[in-house]
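The structure file upload.cif is reproduced below (mmCIF, C-alpha atoms).
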data_data
loop_
_atom_site.label_atom_id
_atom_site.label_comp_id
_atom_site.auth_asym_id
_atom_site.auth_seq_id
_atom_site.Cartn_x
_atom_site.Cartn_y
_atom_site.Cartn_z
CA MET A 1 40.94 129.74 106.58
CA SER A 2 40.98 126.11 107.79
CA PHE A 3 40.56 125.01 104.16
CA ASN A 4 43.76 126.87 103.17
CA ILE A 5 45.68 125.52 106.16
CA ALA A 6 44.66 121.96 105.35
CA THR A 7 45.58 122.49 101.70
CA SER A 8 49.07 123.65 102.73
CA GLY A 9 49.35 120.52 104.87
CA LEU A 10 48.42 118.31 101.92
CA ASN A 11 51.03 120.00 99.73
CA ALA A 12 53.70 119.62 102.41
CA VAL A 13 52.89 115.98 103.10
CA THR A 14 52.89 115.27 99.36
CA LYS A 15 56.48 116.53 99.18
CA GLN A 16 57.38 114.47 102.24
CA LEU A 17 55.88 111.36 100.65
CA GLY A 18 57.91 112.07 97.52
CA ALA A 19 61.13 112.16 99.55
CA ILE A 20 60.25 108.97 101.41
CA SER A 21 59.28 107.18 98.19
CA ASN A 22 62.58 108.24 96.62
CA ASN A 23 64.47 106.87 99.64
CA ILE A 24 62.70 103.53 99.47
CA ALA A 25 63.30 103.27 95.71
CA ASN A 26 67.04 103.95 96.24
CA GLY A 27 67.51 101.60 99.17
CA SER A 28 69.98 99.58 97.08
CA THR A 29 71.60 102.44 95.15
CA THR A 30 75.36 102.69 95.66
CA GLY A 31 76.41 105.84 97.51
CA TYR A 32 72.86 107.18 97.85
CA LYS A 33 72.11 109.54 100.76
CA SER A 34 68.59 109.56 102.21
CA MET A 35 66.37 112.63 101.81
CA ARG A 36 64.20 114.35 104.40
CA ALA A 37 61.52 117.02 104.13
CA GLU A 38 62.23 120.01 106.39
CA PHE A 39 58.91 121.54 107.54
CA SER A 40 58.33 125.14 108.62
CA SER A 41 55.27 127.01 109.92
CA LEU A 42 53.69 129.68 107.71
CA TYR A 43 52.47 132.98 109.21
CA ALA A 44 51.07 136.22 107.80
CA GLY A 45 51.11 139.14 110.23
CA GLY A 46 50.97 136.77 113.19
CA GLN A 47 48.13 134.80 111.63
CA ALA A 48 48.77 131.06 111.19
CA MET A 49 48.68 130.09 107.51
CA GLY A 50 49.57 126.42 107.70
CA VAL A 51 52.77 124.50 106.99
CA GLY A 52 55.30 124.41 104.18
CA VAL A 53 58.41 122.45 103.20
CA ASN A 54 61.40 124.69 103.72
CA SER A 55 63.78 122.33 101.90
CA ILE A 56 64.51 118.72 101.01
CA SER A 57 67.80 117.87 102.72
CA GLN A 58 70.10 114.86 102.40
CA SER A 59 72.02 113.08 105.16
CA ILE A 60 75.30 113.57 103.29
CA THR A 61 77.61 113.04 106.26
CA GLN A 62 76.02 109.71 107.22
CA ASN A 63 77.89 106.92 105.44
CA GLY A 64 76.36 103.70 104.22
CA GLY A 65 77.61 100.19 104.87
CA ILE A 66 80.53 98.80 102.87
CA SER A 67 80.36 95.41 101.17
CA GLY A 68 82.57 93.42 98.80
CA SER A 69 81.96 93.40 95.05
CA GLY A 70 84.85 91.45 93.48
CA ARG A 71 85.64 94.20 90.91
CA VAL A 72 88.97 95.97 91.31
CA LEU A 73 87.53 99.24 89.94
CA ASP A 74 84.73 99.26 92.51
CA LEU A 75 85.95 101.69 95.18
CA ALA A 76 84.70 102.64 98.62
CA ILE A 77 85.98 105.31 100.99
CA SER A 78 86.56 104.13 104.54
CA GLY A 79 86.19 107.42 106.40
CA ASN A 80 85.77 110.99 105.22
CA GLY A 81 85.97 112.37 101.72
CA PHE A 82 84.36 112.39 98.28
CA PHE A 83 85.59 111.23 94.89
CA MET A 84 86.11 114.14 92.50
CA THR A 85 84.75 113.79 88.95
CA LYS A 86 84.50 116.04 85.90
CA ASP A 87 82.14 115.85 82.92
CA THR A 88 82.90 116.69 79.28
CA SER A 89 81.87 120.32 79.85
CA GLY A 90 84.37 120.72 82.67
CA ASN A 91 81.77 120.73 85.45
CA VAL A 92 83.10 119.23 88.68
CA SER A 93 80.98 117.11 91.00
CA TYR A 94 81.63 114.99 94.07
CA THR A 95 80.38 111.53 94.92
CA ARG A 96 80.86 108.52 97.17
CA ALA A 97 79.37 106.13 94.62
CA GLY A 98 82.48 104.20 93.57
CA GLU A 99 81.18 102.06 90.71
CA MET A 100 84.06 102.99 88.41
CA GLN A 101 84.40 101.96 84.78
CA MET A 102 87.16 102.28 82.21
CA ASP A 103 86.23 103.74 78.82
CA SER A 104 87.71 102.85 75.43
CA GLN A 105 90.53 105.37 75.93
CA GLY A 106 91.50 104.01 79.33
CA PHE A 107 90.01 106.86 81.39
CA ILE A 108 88.44 105.88 84.71
CA THR A 109 84.86 107.13 84.88
CA ALA A 110 81.98 107.26 87.34
CA LYS A 111 78.61 107.47 85.56
CA GLY A 112 80.32 108.88 82.49
CA LYS A 113 82.31 111.50 84.40
CA ARG A 114 86.09 111.17 84.57
CA LEU A 115 87.70 110.47 87.92
CA GLN A 116 90.15 113.18 88.98
CA GLY A 117 93.55 112.88 90.64
CA TYR A 118 97.27 113.26 90.11
CA PRO A 119 98.34 111.77 86.75
CA VAL A 120 101.83 110.56 85.83
CA ASP A 121 104.19 111.98 83.23
CA ALA A 122 105.83 110.11 80.34
CA ASN A 123 108.46 108.75 82.75
CA GLY A 124 105.87 107.40 85.17
CA GLN A 125 106.52 110.11 87.77
CA LEU A 126 103.52 111.25 89.83
CA GLN A 127 102.53 114.85 89.07
CA THR A 128 101.47 115.91 92.57
CA GLY A 129 99.65 119.22 92.65
CA VAL A 130 98.37 118.83 89.07
CA ILE A 131 94.74 117.67 89.06
CA GLY A 132 93.67 115.89 85.90
CA ASP A 133 91.81 112.92 84.40
CA LEU A 134 93.06 109.54 85.62
CA ARG A 135 93.91 107.05 82.91
CA ILE A 136 95.26 103.50 82.83
CA SER A 137 97.57 102.59 79.95
CA ALA A 138 96.47 99.62 77.87
CA GLY A 139 99.87 98.87 76.32
CA SER A 140 102.45 96.22 77.15
CA ILE A 141 105.53 96.84 79.26
CA PRO A 142 108.96 96.47 77.58
CA ALA A 143 111.78 94.49 79.13
CA LYS A 144 114.05 96.27 81.59
CA ALA A 145 117.65 95.17 82.13
CA THR A 146 118.83 94.67 85.71
CA ASP A 147 121.04 97.60 86.67
CA SER A 148 120.94 97.53 90.47
CA MET A 149 120.81 94.91 93.16
CA GLY A 150 120.58 95.22 96.92
CA PHE A 151 122.14 92.35 98.85
CA THR A 152 122.04 92.04 102.63
CA GLY A 153 123.19 88.93 104.46
CA ASN A 154 125.27 87.60 107.32
CA LEU A 155 128.61 85.86 106.95
CA ASN A 156 129.47 83.44 109.73
CA ALA A 157 132.23 84.90 111.93
CA ASN A 158 132.97 81.36 113.17
CA ALA A 159 133.80 80.14 109.65
CA LYS A 160 137.34 78.89 108.93
CA GLU A 161 139.42 79.74 105.91
CA PRO A 162 138.89 77.13 103.16
CA GLU A 163 141.25 74.17 103.15
CA VAL A 164 141.66 74.21 99.37
CA THR A 165 143.36 77.11 97.55
CA PRO A 166 143.20 78.81 95.16
CA PHE A 167 139.49 79.46 94.72
CA ASP A 168 137.77 77.23 92.17
CA PRO A 169 133.96 77.39 91.70
CA LYS A 170 133.98 73.67 90.85
CA GLU A 171 135.67 72.78 94.13
CA GLY A 172 133.27 73.17 97.05
CA LYS A 173 136.06 73.15 99.62
CA SER A 174 137.63 76.30 98.13
CA TYR A 175 134.83 78.62 99.32
CA ASN A 176 132.59 78.97 102.34
CA ASN A 177 129.21 79.97 100.87
CA THR A 178 127.54 80.66 97.55
CA TYR A 179 124.38 82.49 96.50
CA THR A 180 122.67 82.71 93.10
CA SER A 181 120.42 85.56 91.92
CA LYS A 182 118.26 85.92 88.82
CA VAL A 183 118.82 88.98 86.62
CA TYR A 184 117.61 90.16 83.19
CA ASP A 185 119.35 91.51 80.10
CA SER A 186 118.07 94.28 77.77
CA LEU A 187 115.96 91.73 75.87
CA GLY A 188 114.27 90.49 79.02
CA ARG A 189 116.12 87.17 79.03
CA GLU A 190 117.00 85.58 82.34
CA HIS A 191 120.58 85.15 83.55
CA THR A 192 122.18 84.14 86.81
CA ILE A 193 124.78 85.98 88.87
CA GLU A 194 126.64 83.75 91.30
CA GLN A 195 128.49 85.02 94.34
CA TYR A 196 131.10 82.81 96.05
CA PHE A 197 132.14 83.97 99.52
CA VAL A 198 135.65 83.03 100.68
CA LYS A 199 137.02 83.86 104.12
CA THR A 200 140.61 85.10 103.77
CA ALA A 201 141.39 86.29 107.34
CA GLU A 202 139.69 87.42 110.53
CA ASN A 203 136.99 89.98 109.57
CA GLU A 204 138.06 89.72 105.91
CA TRP A 205 136.34 87.97 103.03
CA GLU A 206 136.53 87.89 99.28
CA VAL A 207 133.52 87.45 97.02
CA HIS A 208 133.93 86.07 93.48
CA TYR A 209 131.44 86.92 90.71
CA PHE A 210 130.19 84.76 87.85
CA VAL A 211 127.43 85.41 85.32
CA ASP A 212 125.96 82.30 83.70
CA GLY A 213 129.02 80.40 84.92
CA ASN A 214 131.55 82.81 83.36
CA ALA A 215 133.75 85.17 85.37
CA ALA A 216 132.40 88.70 85.52
CA THR A 217 134.28 92.00 85.73
CA PRO A 218 135.58 92.50 88.36
CA ALA A 219 136.21 88.85 89.06
CA SER A 220 136.26 89.43 92.81
CA GLN A 221 135.80 92.04 95.54
CA PRO A 222 137.21 92.15 99.12
CA LEU A 223 134.75 92.55 101.99
CA GLU A 224 135.95 93.89 105.33
CA PHE A 225 134.15 94.04 108.67
CA SER A 226 134.73 95.86 111.93
CA ALA A 227 135.25 94.14 115.27
CA ASN A 228 131.53 94.72 115.84
CA GLY A 229 130.55 92.77 112.72
CA VAL A 230 129.61 95.82 110.64
CA ILE A 231 130.74 95.99 107.02
CA THR A 232 133.38 98.69 106.46
CA SER A 233 134.42 97.99 102.86
CA PRO A 234 133.25 98.48 100.20
CA THR A 235 131.47 101.69 101.23
CA GLY A 236 129.55 102.00 97.96
CA ALA A 237 128.12 99.78 95.26
CA VAL A 238 130.28 97.32 93.31
CA ASN A 239 129.74 97.58 89.55
CA ILE A 240 129.46 94.10 88.05
CA ASN A 241 129.89 93.89 84.26
CA ALA A 242 129.38 90.99 81.90
CA ALA A 243 129.10 90.68 78.12
CA ILE A 244 125.81 89.15 76.91
CA PRO A 245 125.57 87.76 73.33
CA GLY A 246 122.93 89.63 71.28
CA ALA A 247 122.08 92.13 74.04
CA ASP A 248 123.59 95.06 75.85
CA ALA A 249 126.26 94.19 78.38
CA LEU A 250 125.03 93.79 81.93
CA ASN A 251 126.10 96.58 84.26
CA ILE A 252 124.79 95.96 87.76
CA ALA A 253 125.43 98.14 90.80
CA LEU A 254 125.62 95.61 93.66
CA ASP A 255 125.15 97.19 97.10
CA TYR A 256 126.12 95.31 100.27
CA ALA A 257 124.68 97.89 102.70
CA GLY A 258 123.55 96.20 105.91
CA THR A 259 125.59 93.04 105.40
CA SER A 260 127.12 91.78 108.65
CA GLN A 261 129.55 89.24 110.08
CA TYR A 262 128.30 87.65 113.27
CA GLY A 263 128.73 84.27 114.89
CA SER A 264 125.67 82.72 113.27
CA GLU A 265 124.95 80.75 110.12
CA PHE A 266 125.19 82.29 106.66
CA ASN A 267 121.84 83.75 105.59
CA VAL A 268 120.48 86.27 103.12
CA SER A 269 117.77 88.65 104.36
CA LYS A 270 117.57 90.81 101.27
CA ASN A 271 118.22 90.08 97.61
CA SER A 272 116.48 92.62 95.39
CA PRO A 273 117.72 92.87 91.81
CA ASN A 274 115.54 95.06 89.62
CA GLY A 275 114.73 94.39 85.97
CA TYR A 276 112.13 92.19 84.36
CA SER A 277 111.04 90.55 81.13
CA ALA A 278 108.44 92.06 78.78
CA GLY A 279 104.83 91.66 79.86
CA GLU A 280 101.26 92.21 78.73
CA LYS A 281 98.74 94.18 80.78
CA ASN A 282 96.45 91.81 82.64
CA GLY A 283 94.66 93.97 85.19
CA GLU A 284 94.61 96.91 87.56
CA GLN A 285 95.41 97.43 91.21
CA ILE A 286 94.40 100.27 93.51
CA ASP A 287 96.09 100.67 96.90
CA ASP A 288 94.52 102.10 100.03
CA ASP A 289 96.37 105.40 99.50
CA GLY A 290 94.63 105.85 96.14
CA LYS A 291 97.62 104.98 93.94
CA ILE A 292 96.51 103.27 90.74
CA TYR A 293 98.65 100.66 89.01
CA ALA A 294 98.49 98.66 85.81
CA THR A 295 99.54 95.06 86.42
CA TYR A 296 101.38 92.89 83.89
CA SER A 297 101.89 89.22 83.11
CA ASN A 298 105.53 89.38 84.24
CA GLY A 299 104.47 90.22 87.79
CA GLU A 300 105.35 93.90 87.52
CA ARG A 301 103.08 96.88 88.04
CA LEU A 302 103.42 100.48 86.86
CA LEU A 303 102.04 103.55 88.59
CA GLN A 304 99.29 105.25 86.55
CA GLY A 305 98.24 108.00 88.95
CA GLN A 306 96.76 108.72 92.37
CA LEU A 307 93.18 109.74 93.02
CA VAL A 308 92.36 112.67 95.29
CA LEU A 309 89.58 113.06 97.83
CA ALA A 310 87.62 116.22 98.59
CA ASN A 311 86.43 117.43 101.96
CA PHE A 312 84.23 120.40 102.82
CA THR A 313 83.79 122.76 105.74
CA SER A 314 80.04 122.06 105.62
CA PRO A 315 79.22 118.93 103.55
CA ASN A 316 75.50 119.31 104.24
CA GLY A 317 75.63 122.57 102.29
CA LEU A 318 76.42 120.76 99.04
CA ASN A 319 73.89 120.96 96.22
CA SER A 320 72.40 117.60 95.23
CA GLU A 321 72.55 116.73 91.53
CA ASP A 322 71.08 113.24 91.44
CA GLY A 323 71.08 111.77 94.95
CA THR A 324 74.63 110.38 94.67
CA ALA A 325 76.54 113.39 93.29
CA TRP A 326 76.87 116.92 94.59
CA SER A 327 78.34 120.27 93.59
CA THR A 328 79.75 123.06 95.74
CA THR A 329 77.75 126.04 97.03
CA ASN A 330 78.54 129.05 99.19
CA LEU A 331 77.22 127.09 102.16
CA SER A 332 79.49 124.08 101.60
CA GLY A 333 82.62 126.09 100.87
CA GLN A 334 85.26 125.16 98.34
CA ALA A 335 86.65 121.62 98.18
CA ILE A 336 89.70 120.85 100.30
CA LEU A 337 91.69 118.36 98.22
CA GLY A 338 94.17 115.76 99.42
CA VAL A 339 95.27 112.18 98.86
CA PRO A 340 93.66 109.28 100.75
CA LYS A 341 95.04 108.50 104.23
CA SER A 342 96.25 112.07 104.70
CA GLY A 343 94.72 114.68 106.98
CA LEU A 344 91.03 113.98 107.53
CA ASN A 345 90.74 111.80 104.40
CA GLY A 346 89.77 108.18 104.67
CA SER A 347 91.44 105.26 102.93
CA ILE A 348 90.44 103.56 99.67
CA LEU A 349 89.01 100.06 99.63
CA SER A 350 89.26 98.36 96.25
CA ALA A 351 86.66 95.74 95.24
CA ARG A 352 84.28 97.31 97.78
CA LEU A 353 81.21 99.54 97.46
CA GLU A 354 79.45 101.84 99.88
CA GLY A 355 75.76 101.16 99.88
CA SER A 356 72.81 103.47 100.48
CA ASN A 357 72.45 104.90 103.99
CA VAL A 358 68.67 104.49 103.86
CA GLU A 359 67.28 102.78 106.96
CA MET A 360 64.28 100.97 105.53
CA THR A 361 62.43 100.50 108.84
CA GLU A 362 62.70 104.22 109.56
CA GLN A 363 61.36 105.05 106.11
CA LEU A 364 58.36 102.73 106.46
CA VAL A 365 57.49 104.27 109.84
CA GLY A 366 57.79 107.72 108.28
CA LEU A 367 55.59 106.62 105.40
CA MET A 368 52.82 105.52 107.76
CA SER A 369 53.07 108.78 109.72
CA ALA A 370 52.89 110.83 106.53
CA GLN A 371 49.84 108.88 105.36
CA ARG A 372 48.06 109.60 108.66
CA ASN A 373 48.91 113.28 108.32
CA TYR A 374 47.57 113.23 104.78
CA GLN A 375 44.32 111.61 105.92
CA ALA A 376 43.97 114.14 108.75
CA ASN A 377 44.30 117.07 106.33
CA THR A 378 41.80 115.54 103.91
CA LYS A 379 39.42 115.08 106.85
CA VAL A 380 39.74 118.81 107.67
CA ILE A 381 38.92 119.70 104.06
CA SER A 382 35.97 117.28 104.06
CA THR A 383 34.63 118.70 107.32
CA ASN A 384 35.10 122.25 106.10
CA ASP A 385 33.19 121.39 102.92
CA SER A 386 30.31 119.90 104.93
CA MET A 387 30.11 123.01 107.11
CA MET A 388 30.05 125.29 104.10
CA ASN A 389 27.25 123.25 102.48
CA ALA A 390 25.19 123.40 105.69
CA LEU A 391 25.69 127.17 105.88
CA PHE A 392 24.61 127.73 102.29
CA GLN A 393 21.48 125.55 102.78
CA ALA A 394 20.52 127.58 105.88
CA LEU A 395 20.61 130.87 103.93
#

Take the structure in the file and give it back as structure tokens.
Amino acid sequence: MSFNIATSGLNAVTKQLGAISNNIANGSTTGYKSMRAEFSSLYAGGQAMGVGVNSISQSITQNGGISGSGRVLDLAISGNGFFMTKDTSGNVSYTRAGEMQMDSQGFITAKGKRLQGYPVDANGQLQTGVIGDLRISAGSIPAKATDSMGFTGNLNANAKEPEVTPFDPKEGKSYNNTYTSKVYDSLGREHTIEQYFVKTAENEWEVHYFVDGNAATPASQPLEFSANGVITSPTGAVNINAAIPGADALNIALDYAGTSQYGSEFNVSKNSPNGYSAGEKNGEQIDDDGKIYATYSNGERLLQGQLVLANFTSPNGLNSEDGTAWSTTNLSGQAILGVPKSGLNGSILSARLEGSNVEMTEQLVGLMSAQRNYQANTKVISTNDSMMNALFQAL
């Protein structure tokens, strides 16, 4: 009987050594979770039969340390959650190993499996609620004409009406302040829109518009303020039009919301015309909320999608596929999907990687303990063999 018990011990310790060896070998593997042999006693009708390994578990909920990598597509999760991936057969798995690549078609992959999330439609609108493969466009971005412009500033309530009338852009004494903004036409060419601010009465101003030095339509627009310095007119955007040789006419909705008139110097706190020139793709950018952008040489970026994270009622119930990827089981429950930084989900760190959670000192101590257990079981077998030989010789 002791021979069988010792043999069961050897088998159990062999499995434990295998788990420890695997941990040590994966001490530098991104997103790896350490394994542990779970022992259980064996009995038959109340008779001790030795020891067995009930299961090899992984410390899935224990995260590894995060370090910088320098690659934008290297992603780490700061907090809870798993990346969701899908292989060519449609099988879904979950991982925290964020060494992402981009294949020849622009799909973001993790070890050959496509990263899942909310894609965008043809108009660049995020398709929330529709899980699909995430892809980054490789094409260039066409020019976009400026069609809106937010302008917020303060006009000095202490200013006097200009000494020189009528207004003349070449005569500095015929206006109080001027401001120039850069805009783009339909071909992506730069133009300037100049605003000349002229005080006409208490709480009343007039702004004159020029595009590339030529009067725009309308040529001017009255601005009125309340006794509290809040703009009261115009209440909506002013549509500025100008003919552009060889391109579509500019049509810019200029919004003065938030502009004030207080007793302080003229200043502009917001000047945000849209539009841009054509640009070539030169990289990618991933924000902490999982939104993925393609970046372009003109300084613009376009949304390409948003990755989702998965959480589980019992993460330790997941089925291990290769040490860094898992699939759902009845014990884990179905994946609870959501975007990063929402609910219990952590945030995304670009150019970072989560390392293995293996504690090397702990593994080496476990290795020595397992070796002693192995030697003890072999000693039992050796002693049992000696006793059996002595018994046979006495017969």

Which of A:Arg189, A:Lys86, A:Arg71, A:Lys173 sits closest to Leu134 (chain A) [using all atoms listed in the file]
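Result for the nearest residue to Leu134 (chain A): A:Lys86.
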
What does the distance between CA of Ala159 (chain A) and CA of Tyr209 (chain A) come to in Å, to one decimal place?
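Interatomic distance here is 20.3 Å.
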
Go through A:Thr146, A:Gln306, A:Ser59, A:Asn298 one by one, measure the shortest atom-to-atom distance of each to Ile286 (chain A) using all atoms listed in the file, and give the residue with the smallest value.
A:Gln306

Report as number ranges by chain all protein, DNA and RNA residues lying within 12 Å of Glu163 (chain A), evaluated on all atoms listed in the file, omitting residues in the same chain fewer than 6 positions from it.
A: 171-176, 198-200

The PyMOL selection byres ((chain A and resi 323-326) around 6) on the file shown: which residues, as a list in words?
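Selection result, ordered by chain and number: Gly31, Tyr32, Ser93, Tyr94, Thr95, Leu318, Asn319, Ser320, Glu321, Asp322 and Ser327 of chain A.
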
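Between CA of Ile231 (chain A) and CA of Lys270 (chain A) the separation is 15.3 Å.
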
Let me know the residues the PyMOL selection byres ((chain A and resi 347) around 9) catches in the file above, as number ranges by chain.
A: 76-80, 287-290, 339-342, 345-346, 348-349

Might you spell out which residues the PyMOL selection byres ((chain A and resi 104-112) around 8) would select in the displayed file, as a list in words?
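For this structure, the PyMOL selection byres ((chain A and resi 104-112) around 8) resolves to Thr85, Asp87, Ala97, Gly98, Glu99, Met100, Gln101, Met102, Asp103, Lys113, Arg114, Leu115, Asp133, Leu134, Arg135, Ile136, Ser137 and Ala138 of chain A.
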
CA of Asn239 (chain A) to CA of Asn156 (chain A), distance in Å rounded to a single decimal:
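Pair CA of Asn239 (chain A) / CA of Asn156 (chain A) returns 24.6 Å.
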
Residue with smallest distance to Gln221 (chain A) - pool A:Leu307, A:Ile193, A:Leu254, A:Ile60, counting all atoms listed in the file
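Of the candidates, the smallest distance to Gln221 (chain A) is held by A:Leu254.
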
Within 12 Å of Pro245 (chain A), counting all atoms listed in the file, which residues show up once you throw out same-chain ones fewer than 2 positions away? Write them as a list in words, please.
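Once the adjacent positions are removed, what remains is Asp185, Ser186, Leu187, Arg189, His191, Asp212, Ala242, Ala243, Ala247, Asp248, Ala249 and Leu250 of chain A.
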
Which polymer residues have any atom within 7 Å of an atom of Phe197 (chain A), counting only C-alpha atoms, with same-chain residues fewer than 3 positions away left out, as a PyMOL selection string?
chain A and resi 175-178+205-208

The selected residues should be written to file as a PDB file, keeping the file's coordinate frame (atoms: C-alpha atoms).
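File selection05.pdb, as written:
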ATOM      1  CA  TYR A 175     134.830  78.620  99.320  1.00  0.00           C
ATOM      2  CA  ASN A 176     132.590  78.970 102.340  1.00  0.00           C
ATOM      3  CA  ASN A 177     129.210  79.970 100.870  1.00  0.00           C
ATOM      4  CA  THR A 178     127.540  80.660  97.550  1.00  0.00           C
ATOM      5  CA  TRP A 205     136.340  87.970 103.030  1.00  0.00           C
ATOM      6  CA  GLU A 206     136.530  87.890  99.280  1.00  0.00           C
ATOM      7  CA  VAL A 207     133.520  87.450  97.020  1.00  0.00           C
ATOM      8  CA  HIS A 208     133.930  86.070  93.480  1.00  0.00           C
TER       9      HIS A 208
END

Could you check which of A:Ser297, A:Gly279, A:Gly188, A:Phe151 is closest to Gly258 (chain A), using only C-alpha atoms?
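Ranking A:Ser297, A:Gly279, A:Gly188, A:Phe151 by distance to Gly258 (chain A), first place goes to A:Phe151.
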
Counting only C-alpha atoms, what are the residues of region 38-139 of chain A within 10 Å of region 12-25 of chain A, and for each of them which pair of atoms is the nearest and at what distance in Å, to one decimal? Sort the table by chain and rising number, as CSV.
residue,atom,partner,partner_atom,distance
A:Glu38,CA,A:Gln16,CA,8.5
A:Phe39,CA,A:Ala12,CA,7.6
A:Ser40,CA,A:Ala12,CA,9.5
A:Gly50,CA,A:Ala12,CA,9.6
A:Val51,CA,A:Ala12,CA,6.8
A:Gly52,CA,A:Ala12,CA,5.4
A:Val53,CA,A:Ala12,CA,5.6
A:Asn54,CA,A:Ala12,CA,9.3
A:Ser55,CA,A:Lys15,CA,9.7
A:Ile56,CA,A:Ala19,CA,7.5
A:Ser57,CA,A:Ala19,CA,9.3
A:Gln58,CA,A:Ala19,CA,9.8

For Ala122 (chain A), find every residue with an atom within 12 Å (counting only C-alpha atoms), except residues of its own chain fewer than 5 positions away, and show them as a list in words.
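Once the nearby chain positions are removed, what remains is Gln127, Ser137, Leu302, Leu303, Gln304 and Gly305 of chain A.
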
As AutoDock Vina command-line options, what would the box around region 225-240 of chain A look like: edges along x, y and z, 4 Å added on every side, centre and edge lengths in Å to one decimal?
--center_x 131.7 --center_y 97.4 --center_z 101.9 --size_x 15.1 --size_y 17.2 --size_z 35.8

Filled-in N, CA and C atoms of region 206-221 of chain A, supplied as a PDB file, keeping the file's coordinate frame:
ATOM      1  N   GLU A 206     136.453  87.528 100.689  1.00  0.00           N
ATOM      2  CA  GLU A 206     136.530  87.890  99.280  1.00  0.00           C
ATOM      3  C   GLU A 206     135.355  87.224  98.573  1.00  0.00           C
ATOM      4  N   VAL A 207     134.651  88.006  97.751  1.00  0.00           N
ATOM      5  CA  VAL A 207     133.520  87.450  97.020  1.00  0.00           C
ATOM      6  C   VAL A 207     133.872  87.425  95.536  1.00  0.00           C
ATOM      7  N   HIS A 208     133.633  86.275  94.902  1.00  0.00           N
ATOM      8  CA  HIS A 208     133.930  86.070  93.480  1.00  0.00           C
ATOM      9  C   HIS A 208     132.633  86.087  92.695  1.00  0.00           C
ATOM     10  N   TYR A 209     132.644  86.729  91.504  1.00  0.00           N
ATOM     11  CA  TYR A 209     131.440  86.920  90.710  1.00  0.00           C
ATOM     12  C   TYR A 209     131.479  86.139  89.406  1.00  0.00           C
ATOM     13  N   PHE A 210     130.351  85.470  89.105  1.00  0.00           N
ATOM     14  CA  PHE A 210     130.190  84.760  87.850  1.00  0.00           C
ATOM     15  C   PHE A 210     128.796  85.055  87.296  1.00  0.00           C
ATOM     16  N   VAL A 211     128.717  85.238  85.991  1.00  0.00           N
ATOM     17  CA  VAL A 211     127.430  85.410  85.320  1.00  0.00           C
ATOM     18  C   VAL A 211     127.260  84.273  84.336  1.00  0.00           C
ATOM     19  N   ASP A 212     126.223  83.495  84.527  1.00  0.00           N
ATOM     20  CA  ASP A 212     125.960  82.300  83.700  1.00  0.00           C
ATOM     21  C   ASP A 212     127.173  81.380  83.676  1.00  0.00           C
ATOM     22  N   GLY A 213     127.864  81.301  84.807  1.00  0.00           N
ATOM     23  CA  GLY A 213     129.020  80.400  84.920  1.00  0.00           C
ATOM     24  C   GLY A 213     130.324  80.975  84.426  1.00  0.00           C
ATOM     25  N   ASN A 214     130.329  82.173  83.856  1.00  0.00           N
ATOM     26  CA  ASN A 214     131.550  82.810  83.360  1.00  0.00           C
ATOM     27  C   ASN A 214     131.948  83.957  84.289  1.00  0.00           C
ATOM     28  N   ALA A 215     133.252  84.124  84.484  1.00  0.00           N
ATOM     29  CA  ALA A 215     133.750  85.170  85.370  1.00  0.00           C
ATOM     30  C   ALA A 215     133.312  86.536  84.885  1.00  0.00           C
ATOM     31  N   ALA A 216     132.842  87.343  85.835  1.00  0.00           N
ATOM     32  CA  ALA A 216     132.400  88.700  85.520  1.00  0.00           C
ATOM     33  C   ALA A 216     133.560  89.668  85.735  1.00  0.00           C
ATOM     34  N   THR A 217     133.306  90.939  85.473  1.00  0.00           N
ATOM     35  CA  THR A 217     134.280  92.000  85.730  1.00  0.00           C
ATOM     36  C   THR A 217     133.687  92.969  86.757  1.00  0.00           C
ATOM     37  N   PRO A 218     134.350  93.162  87.921  1.00  0.00           N
ATOM     38  CA  PRO A 218     135.580  92.500  88.360  1.00  0.00           C
ATOM     39  C   PRO A 218     135.315  91.042  88.738  1.00  0.00           C
ATOM     40  N   ALA A 219     136.368  90.266  88.740  1.00  0.00           N
ATOM     41  CA  ALA A 219     136.210  88.850  89.060  1.00  0.00           C
ATOM     42  C   ALA A 219     135.946  88.642  90.544  1.00  0.00           C
ATOM     43  N   SER A 220     136.449  89.585  91.374  1.00  0.00           N
ATOM     44  CA  SER A 220     136.260  89.430  92.810  1.00  0.00           C
ATOM     45  C   SER A 220     136.271  90.797  93.486  1.00  0.00           C
ATOM     46  N   GLN A 221     135.854  90.812  94.761  1.00  0.00           N
ATOM     47  CA  GLN A 221     135.800  92.040  95.540  1.00  0.00           C
ATOM     48  C   GLN A 221     136.029  91.712  97.015  1.00  0.00           C
TER      49      GLN A 221
END
